[in-house]
file data-v5.cif (mmCIF, C-alpha atoms)
data_my_file
loop_
_atom_site.label_atom_id
_atom_site.label_comp_id
_atom_site.auth_asym_id
_atom_site.auth_seq_id
_atom_site.Cartn_x
_atom_site.Cartn_y
_atom_site.Cartn_z
CA MET L 1 0.00 0.00 0.00
CA ILE L 2 1.18 3.54 -0.74
CA GLN L 3 0.73 6.52 1.57
CA VAL L 4 1.45 10.12 0.54
CA TYR L 5 1.93 13.07 2.88
CA THR L 6 2.13 16.30 0.87
CA GLY L 7 1.11 19.96 0.97
CA ASP L 8 2.61 23.25 2.08
CA GLY L 9 2.00 22.71 5.79
CA LYS L 10 4.31 21.43 8.52
CA GLY L 11 4.07 17.81 9.58
CA LYS L 12 4.76 15.58 6.58
CA THR L 13 7.98 14.11 7.90
CA THR L 14 6.55 14.03 11.41
CA ALA L 15 3.56 11.98 10.22
CA ALA L 16 5.83 9.57 8.35
CA ILE L 17 8.11 9.16 11.39
CA GLY L 18 5.05 8.53 13.55
CA GLN L 19 3.94 5.81 11.13
CA ALA L 20 7.45 4.33 11.22
CA THR L 21 7.55 4.19 15.03
CA ARG L 22 4.06 2.68 15.16
CA ALA L 23 5.11 -0.03 12.72
CA LYS L 24 8.32 -0.73 14.66
CA GLY L 25 6.31 -0.94 17.88
CA GLN L 26 4.29 -3.74 16.27
CA GLY L 27 7.43 -5.64 15.31
CA LEU L 28 7.64 -4.61 11.65
CA LYS L 29 10.94 -4.08 9.85
CA VAL L 30 11.19 -0.36 9.03
CA GLY L 31 13.51 1.85 6.99
CA VAL L 32 13.49 5.63 6.61
CA PHE L 33 15.34 7.16 3.66
CA GLN L 34 15.59 10.97 3.70
CA PHE L 35 16.39 12.79 0.49
CA LEU L 36 18.06 16.24 0.35
CA LYS L 37 18.53 16.35 4.13
CA ALA L 38 21.88 15.98 5.87
CA GLY L 39 23.10 16.07 9.44
CA LYS L 40 22.08 13.58 12.06
CA GLU L 41 21.49 16.20 14.74
CA THR L 42 17.73 15.93 14.21
CA GLY L 43 15.58 14.39 16.90
CA GLU L 44 14.17 11.81 14.51
CA ALA L 45 17.63 10.65 13.43
CA ARG L 46 18.69 10.15 17.04
CA ILE L 47 15.64 8.25 18.22
CA LEU L 48 15.03 6.10 15.14
CA GLU L 49 18.49 4.59 15.30
CA LYS L 50 18.09 3.98 19.05
CA ILE L 51 14.89 1.99 18.54
CA GLY L 52 16.28 -0.06 15.66
CA ILE L 53 14.80 1.67 12.62
CA LEU L 54 17.15 1.88 9.66
CA PHE L 55 17.69 5.61 9.02
CA ARG L 56 19.69 7.07 6.13
CA GLN L 57 20.12 10.54 4.65
CA TYR L 58 21.01 11.37 1.06
CA GLY L 59 21.56 15.08 0.82
CA SER L 60 24.25 17.71 0.80
CA GLY L 61 22.29 19.92 3.16
CA ARG L 62 22.44 22.79 0.67
CA TRP L 63 19.25 24.42 -0.64
CA PHE L 64 18.32 24.40 -4.32
CA ILE L 65 17.57 28.09 -4.57
CA ASN L 66 18.56 29.57 -7.93
CA ARG L 67 20.83 26.67 -8.81
CA LEU L 68 20.80 23.27 -10.42
CA PRO L 69 21.78 20.17 -8.45
CA GLU L 70 25.41 19.13 -8.57
CA GLN L 71 26.41 15.65 -9.73
CA GLU L 72 27.33 14.68 -6.16
CA GLU L 73 23.76 15.49 -5.06
CA ILE L 74 22.28 13.47 -7.93
CA ASP L 75 24.55 10.55 -7.05
CA LEU L 76 23.50 10.72 -3.38
CA ALA L 77 19.80 10.68 -4.28
CA LEU L 78 20.23 7.78 -6.69
CA ARG L 79 22.13 5.84 -4.02
CA GLY L 80 19.28 6.51 -1.62
CA LEU L 81 16.70 5.20 -4.04
CA LYS L 82 18.80 2.09 -4.74
CA GLU L 83 19.18 1.44 -1.00
CA ALA L 84 15.44 1.87 -0.47
CA GLU L 85 14.78 -0.57 -3.32
CA GLN L 86 17.19 -3.00 -1.67
CA ALA L 87 15.38 -2.64 1.66
CA ILE L 88 12.15 -3.61 -0.10
CA THR L 89 13.90 -6.62 -1.67
CA ASP L 90 15.34 -7.52 1.75
CA GLY L 91 11.88 -7.79 3.29
CA TYR L 92 11.30 -4.45 4.98
CA ASP L 93 7.63 -4.06 5.84
CA LEU L 94 7.48 -0.26 5.84
CA VAL L 95 9.73 2.04 3.82
CA VAL L 96 9.62 5.83 4.06
CA LEU L 97 10.94 7.97 1.20
CA ASP L 98 11.06 11.34 2.94
CA GLU L 99 11.20 14.41 0.67
CA ILE L 100 11.03 12.19 -2.40
CA SER L 101 8.90 14.78 -4.20
CA HIS L 102 11.72 17.32 -3.93
CA ALA L 103 14.25 14.80 -5.21
CA ILE L 104 11.99 14.29 -8.23
CA ASN L 105 11.01 17.92 -8.75
CA PHE L 106 14.63 19.16 -8.53
CA GLY L 107 15.75 16.56 -11.07
CA LEU L 108 17.79 14.34 -8.76
CA ILE L 109 15.66 11.27 -9.46
CA SER L 110 13.37 10.68 -12.42
CA LEU L 111 9.66 10.36 -11.81
CA ASP L 112 9.66 7.33 -14.11
CA ARG L 113 12.12 5.55 -11.82
CA VAL L 114 9.90 6.10 -8.80
CA LEU L 115 6.81 5.04 -10.77
CA LEU L 116 8.60 1.76 -11.58
CA LEU L 117 9.31 1.24 -7.89
CA VAL L 118 5.65 1.86 -7.10
CA ALA L 119 4.45 -0.44 -9.90
CA ASP L 120 6.68 -3.30 -8.67
CA LEU L 121 5.95 -2.78 -4.97
CA PRO L 122 5.23 -6.11 -3.24
CA LYS L 123 1.73 -6.25 -1.77
CA ASN L 124 3.05 -6.74 1.77
CA VAL L 125 5.13 -3.51 1.72
CA GLU L 126 3.83 -0.18 2.98
CA LEU L 127 5.52 2.70 1.13
CA VAL L 128 5.29 6.21 2.56
CA LEU L 129 6.16 9.14 0.28
CA THR L 130 6.53 12.68 1.62
CA GLY L 131 7.18 16.17 0.33
CA ARG L 132 5.58 19.28 -1.09
CA ASP L 133 4.25 19.26 -4.64
CA MET L 134 4.01 15.48 -4.90
CA PRO L 135 3.74 14.55 -8.58
CA GLU L 136 0.13 13.80 -9.54
CA GLN L 137 1.07 10.37 -10.92
CA LEU L 138 2.22 9.31 -7.43
CA VAL L 139 -0.84 10.82 -5.77
CA ALA L 140 -3.03 8.86 -8.20
CA ARG L 141 -1.25 5.56 -7.35
CA ALA L 142 -1.54 6.02 -3.57
CA GLU L 143 -4.26 4.46 -1.45
CA LEU L 144 -3.88 7.10 1.28
CA VAL L 145 -3.16 10.76 0.59
CA THR L 146 -3.01 13.46 3.25
CA GLU L 147 -2.42 17.08 2.36
CA MET L 148 -0.97 19.26 5.08
CA LYS L 149 -2.23 22.82 4.69
CA GLU L 150 -0.47 25.76 6.29
CA VAL L 151 -2.86 28.06 8.08
CA LYS L 152 -0.31 29.79 10.36
CA HIS L 153 3.37 29.19 10.94
CA PRO L 154 5.78 30.76 13.47
CA TYR L 155 8.37 31.36 10.70
CA LYS L 156 6.10 34.11 9.39
CA LYS L 157 6.60 35.93 12.71
CA GLY L 158 10.36 35.50 12.48
CA ILE L 159 10.53 32.59 14.93
CA ALA L 160 13.42 30.30 13.93
CA SER L 161 13.40 26.49 13.91
CA ARG L 162 13.34 25.08 17.40
CA ARG L 163 15.28 22.05 18.57
CA GLY L 164 12.93 19.20 19.36
CA ILE L 165 10.04 20.82 17.50
CA GLU L 166 11.19 21.44 13.92
CA TYR L 167 14.34 19.30 14.02
#
call {"tool": "encode", "arguments": {"input": "data-v5.cif", "output": "C-alpha cells"}}
result
Amino acid sequence: MIQVYTGDGKGKTTAAIGQATRAKGQGLKVGVFQFLKAGKETGEARILEKIGILFRQYGSGRWFINRLPEQEEIDLALRGLKEAEQAITDGYDLVVLDEISHAINFGLISLDRVLLLVADLPKNVELVLTGRDMPEQLVARAELVTEMKEVKHPYKKGIASRRGIEY
C-alpha cells in the first residue's frame, strides 16, 4: 500500500516518522530514507536509530535556490533510491521515502524511476512518500493521501526552527 503526505504545511515528515515508530512498535521491519537532508542532529535521526529503525540521509544539506543540483547530489539521491529498493527486496515491511517529491522535482531522481518502484511494490510492503508538490502520478497511485495545509506558521513571525520541535 502507498501513503502520501504532501502539501505546504508542517508535519509531513513528522507523520511519516510517527507511522514508522508505530510499525516498529508492532514488530515490523522499518527503513526511513531521507532525500536532500543531511546532518544527524535531528531528533528523529537520534531516536530512530536507538529503537532499531534503519535511518539514512542522502543530501548535501544545501538548498536548491537559484541553482541546479550538482552531480554529487544526484549521485547521493540515486544511491538513496537504490538502497530503499534493496530494503524492499530484503523484506522491509514499511519504507519511508522522505522528501522524495523534492528529489523528483529538482531533477535528482526521475519520476519514471519512482513510478517503476511503485508499480513493482510487493503487496506486503507499505511505502510512505513525503514532500511538497508530490507529482500527480504518485498521488493517483496512492491508497492514502493526506495534504498538510499551512494556516499559520511561526516562521512568518520571524521565529526560527526550534530544537525538538522542527528538528
call {"tool": "atom_distance", "arguments": {"input": "data-v5.cif", "atom1": "CA of Gly80 in chain L", "atom2": "CA of Gly39 in chain L"}}
result
15.1 Å
call {"tool": "closest_atom_pairs", "arguments": {"input": "data-v5.cif", "of": "range 2-48 of chain L", "to": "range 145-152 of chain L", "cutoff": "9 Å", "atoms": "all atoms listed in the file", "output": "JSON lines"}}
result
{"residue": "L:Ile2", "atom": "CA", "partner": "L:Val145", "partner_atom": "CA", "distance": 8.5}
{"residue": "L:Gln3", "atom": "CA", "partner": "L:Val145", "partner_atom": "CA", "distance": 5.8}
{"residue": "L:Val4", "atom": "CA", "partner": "L:Val145", "partner_atom": "CA", "distance": 4.7}
{"residue": "L:Tyr5", "atom": "CA", "partner": "L:Thr146", "partner_atom": "CA", "distance": 5.0}
{"residue": "L:Thr6", "atom": "CA", "partner": "L:Glu147", "partner_atom": "CA", "distance": 4.9}
{"residue": "L:Gly7", "atom": "CA", "partner": "L:Met148", "partner_atom": "CA", "distance": 4.7}
{"residue": "L:Asp8", "atom": "CA", "partner": "L:Lys149", "partner_atom": "CA", "distance": 5.5}
{"residue": "L:Gly9", "atom": "CA", "partner": "L:Glu150", "partner_atom": "CA", "distance": 4.0}
{"residue": "L:Lys10", "atom": "CA", "partner": "L:Met148", "partner_atom": "CA", "distance": 6.7}
{"residue": "L:Gly11", "atom": "CA", "partner": "L:Met148", "partner_atom": "CA", "distance": 6.9}
{"residue": "L:Lys12", "atom": "CA", "partner": "L:Met148", "partner_atom": "CA", "distance": 7.0}
call {"tool": "closest_atom_pairs", "arguments": {"input": "data-v5.cif", "of": "range 119-164 of chain L", "to": "range 104-110 of chain L", "cutoff": "12 Å", "atoms": "all atoms listed in the file", "output": "tab-separated table"}}
result
residue	atom	partner	partner_atom	distance
L:Leu129	CA	L:Ile104	CA	11.5
L:Thr130	CA	L:Ile104	CA	11.4
L:Gly131	CA	L:Ile104	CA	10.0
L:Arg132	CA	L:Asn105	CA	9.5
L:Asp133	CA	L:Asn105	CA	8.0
L:Met134	CA	L:Asn105	CA	8.4
L:Pro135	CA	L:Asn105	CA	8.0
L:Glu136	CA	L:Asn105	CA	11.7
L:Gln137	CA	L:Ile104	CA	11.9
L:Leu138	CA	L:Ile104	CA	11.0
call {"tool": "closest_residue", "arguments": {"input": "data-v5.cif", "among": "L:Ile165, L:Ala119, L:Ala142, L:Ala84", "to": "Glu44 in chain L", "atoms": "all atoms listed in the file"}}
result
L:Ile165
call {"tool": "residues_around", "arguments": {"input": "data-v5.cif", "residues": "range 58-62 of chain L", "least_positions_apart": "4", "cutoff": "10 Å", "atoms": "all atoms listed in the file", "output": "MDAnalysis selection string"}}
result
chainID L and resid 33:39 69:70 72:81 103
call {"tool": "atom_distance", "arguments": {"input": "data-v5.cif", "atom1": "CA of Val114 in chain L", "atom2": "CA of Arg67 in chain L"}}
result
23.3 Å
call {"tool": "closest_atom_pairs", "arguments": {"input": "data-v5.cif", "of": "range 99-164 of chain L", "to": "range 20-23 of chain L", "cutoff": "12 Å", "atoms": "all atoms listed in the file", "output": "tab-separated table"}}
result
residue	atom	partner	partner_atom	distance
L:Val125	CA	L:Ala23	CA	11.5
L:Glu126	CA	L:Ala23	CA	9.8
L:Leu127	CA	L:Ala20	CA	10.4
L:Val128	CA	L:Ala20	CA	9.1
call {"tool": "closest_residue", "arguments": {"input": "data-v5.cif", "among": "L:Ala15, L:Val118, L:Ala87, L:Val96", "to": "Val139 in chain L", "atoms": "all atoms listed in the file"}}
result
L:Val118
call {"tool": "atom_distance", "arguments": {"input": "data-v5.cif", "atom1": "CA of Tyr92 in chain L", "atom2": "CA of Gln71 in chain L"}}
result
29.1 Å
call {"tool": "decode", "arguments": {"input": "data-v5.cif", "residues": "range 51-80 of chain L", "atoms": "N, CA and C atoms", "output": "PDB file, in the first residue's frame"}}
result
ATOM      1  N   ILE L  51      15.947   3.014  18.428  1.00  0.00           N
ATOM      2  CA  ILE L  51      14.894   1.994  18.541  1.00  0.00           C
ATOM      3  C   ILE L  51      14.974   0.946  17.434  1.00  0.00           C
ATOM      4  N   GLY L  52      16.044   0.984  16.637  1.00  0.00           N
ATOM      5  CA  GLY L  52      16.276  -0.064  15.663  1.00  0.00           C
ATOM      6  C   GLY L  52      15.623   0.131  14.307  1.00  0.00           C
ATOM      7  N   ILE L  53      15.316   1.382  13.955  1.00  0.00           N
ATOM      8  CA  ILE L  53      14.800   1.673  12.622  1.00  0.00           C
ATOM      9  C   ILE L  53      15.965   2.120  11.756  1.00  0.00           C
ATOM     10  N   LEU L  54      16.117   1.480  10.613  1.00  0.00           N
ATOM     11  CA  LEU L  54      17.147   1.884   9.660  1.00  0.00           C
ATOM     12  C   LEU L  54      16.864   3.320   9.229  1.00  0.00           C
ATOM     13  N   PHE L  55      17.866   4.188   9.359  1.00  0.00           N
ATOM     14  CA  PHE L  55      17.693   5.608   9.022  1.00  0.00           C
ATOM     15  C   PHE L  55      18.896   6.069   8.213  1.00  0.00           C
ATOM     16  N   ARG L  56      18.632   6.587   7.013  1.00  0.00           N
ATOM     17  CA  ARG L  56      19.693   7.066   6.131  1.00  0.00           C
ATOM     18  C   ARG L  56      19.309   8.410   5.531  1.00  0.00           C
ATOM     19  N   GLN L  57      20.319   9.242   5.300  1.00  0.00           N
ATOM     20  CA  GLN L  57      20.115  10.545   4.652  1.00  0.00           C
ATOM     21  C   GLN L  57      20.941  10.616   3.376  1.00  0.00           C
ATOM     22  N   TYR L  58      20.367  11.275   2.373  1.00  0.00           N
ATOM     23  CA  TYR L  58      21.008  11.372   1.062  1.00  0.00           C
ATOM     24  C   TYR L  58      20.915  12.799   0.549  1.00  0.00           C
ATOM     25  N   GLY L  59      21.588  13.690   1.239  1.00  0.00           N
ATOM     26  CA  GLY L  59      21.562  15.079   0.816  1.00  0.00           C
ATOM     27  C   GLY L  59      22.838  15.789   1.187  1.00  0.00           C
ATOM     28  N   SER L  60      23.076  16.885   0.507  1.00  0.00           N
ATOM     29  CA  SER L  60      24.248  17.712   0.797  1.00  0.00           C
ATOM     30  C   SER L  60      23.955  18.706   1.907  1.00  0.00           C
ATOM     31  N   GLY L  61      22.668  18.927   2.168  1.00  0.00           N
ATOM     32  CA  GLY L  61      22.290  19.923   3.164  1.00  0.00           C
ATOM     33  C   GLY L  61      22.221  21.331   2.598  1.00  0.00           C
ATOM     34  N   ARG L  62      22.511  21.467   1.308  1.00  0.00           N
ATOM     35  CA  ARG L  62      22.441  22.792   0.667  1.00  0.00           C
ATOM     36  C   ARG L  62      21.105  22.940  -0.048  1.00  0.00           C
ATOM     37  N   TRP L  63      20.545  24.140   0.000  1.00  0.00           N
ATOM     38  CA  TRP L  63      19.253  24.416  -0.637  1.00  0.00           C
ATOM     39  C   TRP L  63      19.402  24.548  -2.143  1.00  0.00           C
ATOM     40  N   PHE L  64      18.345  24.254  -2.863  1.00  0.00           N
ATOM     41  CA  PHE L  64      18.320  24.395  -4.321  1.00  0.00           C
ATOM     42  C   PHE L  64      17.619  25.693  -4.704  1.00  0.00           C
ATOM     43  N   ILE L  65      18.141  26.788  -4.229  1.00  0.00           N
ATOM     44  CA  ILE L  65      17.574  28.088  -4.567  1.00  0.00           C
ATOM     45  C   ILE L  65      18.456  28.714  -5.636  1.00  0.00           C
ATOM     46  N   ASN L  66      17.861  28.950  -6.798  1.00  0.00           N
ATOM     47  CA  ASN L  66      18.561  29.574  -7.928  1.00  0.00           C
ATOM     48  C   ASN L  66      19.794  28.800  -8.382  1.00  0.00           C
ATOM     49  N   ARG L  67      19.720  27.479  -8.307  1.00  0.00           N
ATOM     50  CA  ARG L  67      20.831  26.674  -8.813  1.00  0.00           C
ATOM     51  C   ARG L  67      20.338  25.290  -9.187  1.00  0.00           C
ATOM     52  N   LEU L  68      21.082  24.649 -10.050  1.00  0.00           N
ATOM     53  CA  LEU L  68      20.798  23.272 -10.417  1.00  0.00           C
ATOM     54  C   LEU L  68      21.538  22.340  -9.460  1.00  0.00           C
ATOM     55  N   PRO L  69      21.062  21.108  -9.317  1.00  0.00           N
ATOM     56  CA  PRO L  69      21.782  20.172  -8.448  1.00  0.00           C
ATOM     57  C   PRO L  69      23.137  19.811  -9.040  1.00  0.00           C
ATOM     58  N   GLU L  70      24.078  19.578  -8.150  1.00  0.00           N
ATOM     59  CA  GLU L  70      25.411  19.131  -8.566  1.00  0.00           C
ATOM     60  C   GLU L  70      25.400  17.611  -8.721  1.00  0.00           C
ATOM     61  N   GLN L  71      26.354  17.092  -9.473  1.00  0.00           N
ATOM     62  CA  GLN L  71      26.411  15.647  -9.728  1.00  0.00           C
ATOM     63  C   GLN L  71      26.489  14.856  -8.427  1.00  0.00           C
ATOM     64  N   GLU L  72      27.226  15.360  -7.454  1.00  0.00           N
ATOM     65  CA  GLU L  72      27.329  14.681  -6.160  1.00  0.00           C
ATOM     66  C   GLU L  72      25.943  14.520  -5.522  1.00  0.00           C
ATOM     67  N   GLU L  73      25.103  15.530  -5.638  1.00  0.00           N
ATOM     68  CA  GLU L  73      23.765  15.486  -5.057  1.00  0.00           C
ATOM     69  C   GLU L  73      22.869  14.492  -5.812  1.00  0.00           C
ATOM     70  N   ILE L  74      23.021  14.450  -7.117  1.00  0.00           N
ATOM     71  CA  ILE L  74      22.285  13.470  -7.928  1.00  0.00           C
ATOM     72  C   ILE L  74      22.716  12.066  -7.548  1.00  0.00           C
ATOM     73  N   ASP L  75      24.021  11.868  -7.414  1.00  0.00           N
ATOM     74  CA  ASP L  75      24.549  10.547  -7.045  1.00  0.00           C
ATOM     75  C   ASP L  75      24.048  10.109  -5.672  1.00  0.00           C
ATOM     76  N   LEU L  76      24.006  11.034  -4.722  1.00  0.00           N
ATOM     77  CA  LEU L  76      23.500  10.719  -3.382  1.00  0.00           C
ATOM     78  C   LEU L  76      22.044  10.267  -3.443  1.00  0.00           C
ATOM     79  N   ALA L  77      21.226  11.011  -4.177  1.00  0.00           N
ATOM     80  CA  ALA L  77      19.805  10.677  -4.276  1.00  0.00           C
ATOM     81  C   ALA L  77      19.602   9.323  -4.947  1.00  0.00           C
ATOM     82  N   LEU L  78      20.344   9.073  -6.003  1.00  0.00           N
ATOM     83  CA  LEU L  78      20.227   7.776  -6.691  1.00  0.00           C
ATOM     84  C   LEU L  78      20.656   6.635  -5.782  1.00  0.00           C
ATOM     85  N   ARG L  79      21.712   6.861  -4.989  1.00  0.00           N
ATOM     86  CA  ARG L  79      22.134   5.841  -4.024  1.00  0.00           C
ATOM     87  C   ARG L  79      21.030   5.589  -2.999  1.00  0.00           C
ATOM     88  N   GLY L  80      20.389   6.661  -2.567  1.00  0.00           N
ATOM     89  CA  GLY L  80      19.283   6.514  -1.622  1.00  0.00           C
ATOM     90  C   GLY L  80      18.139   5.697  -2.178  1.00  0.00           C
TER      91      GLY L  80
END
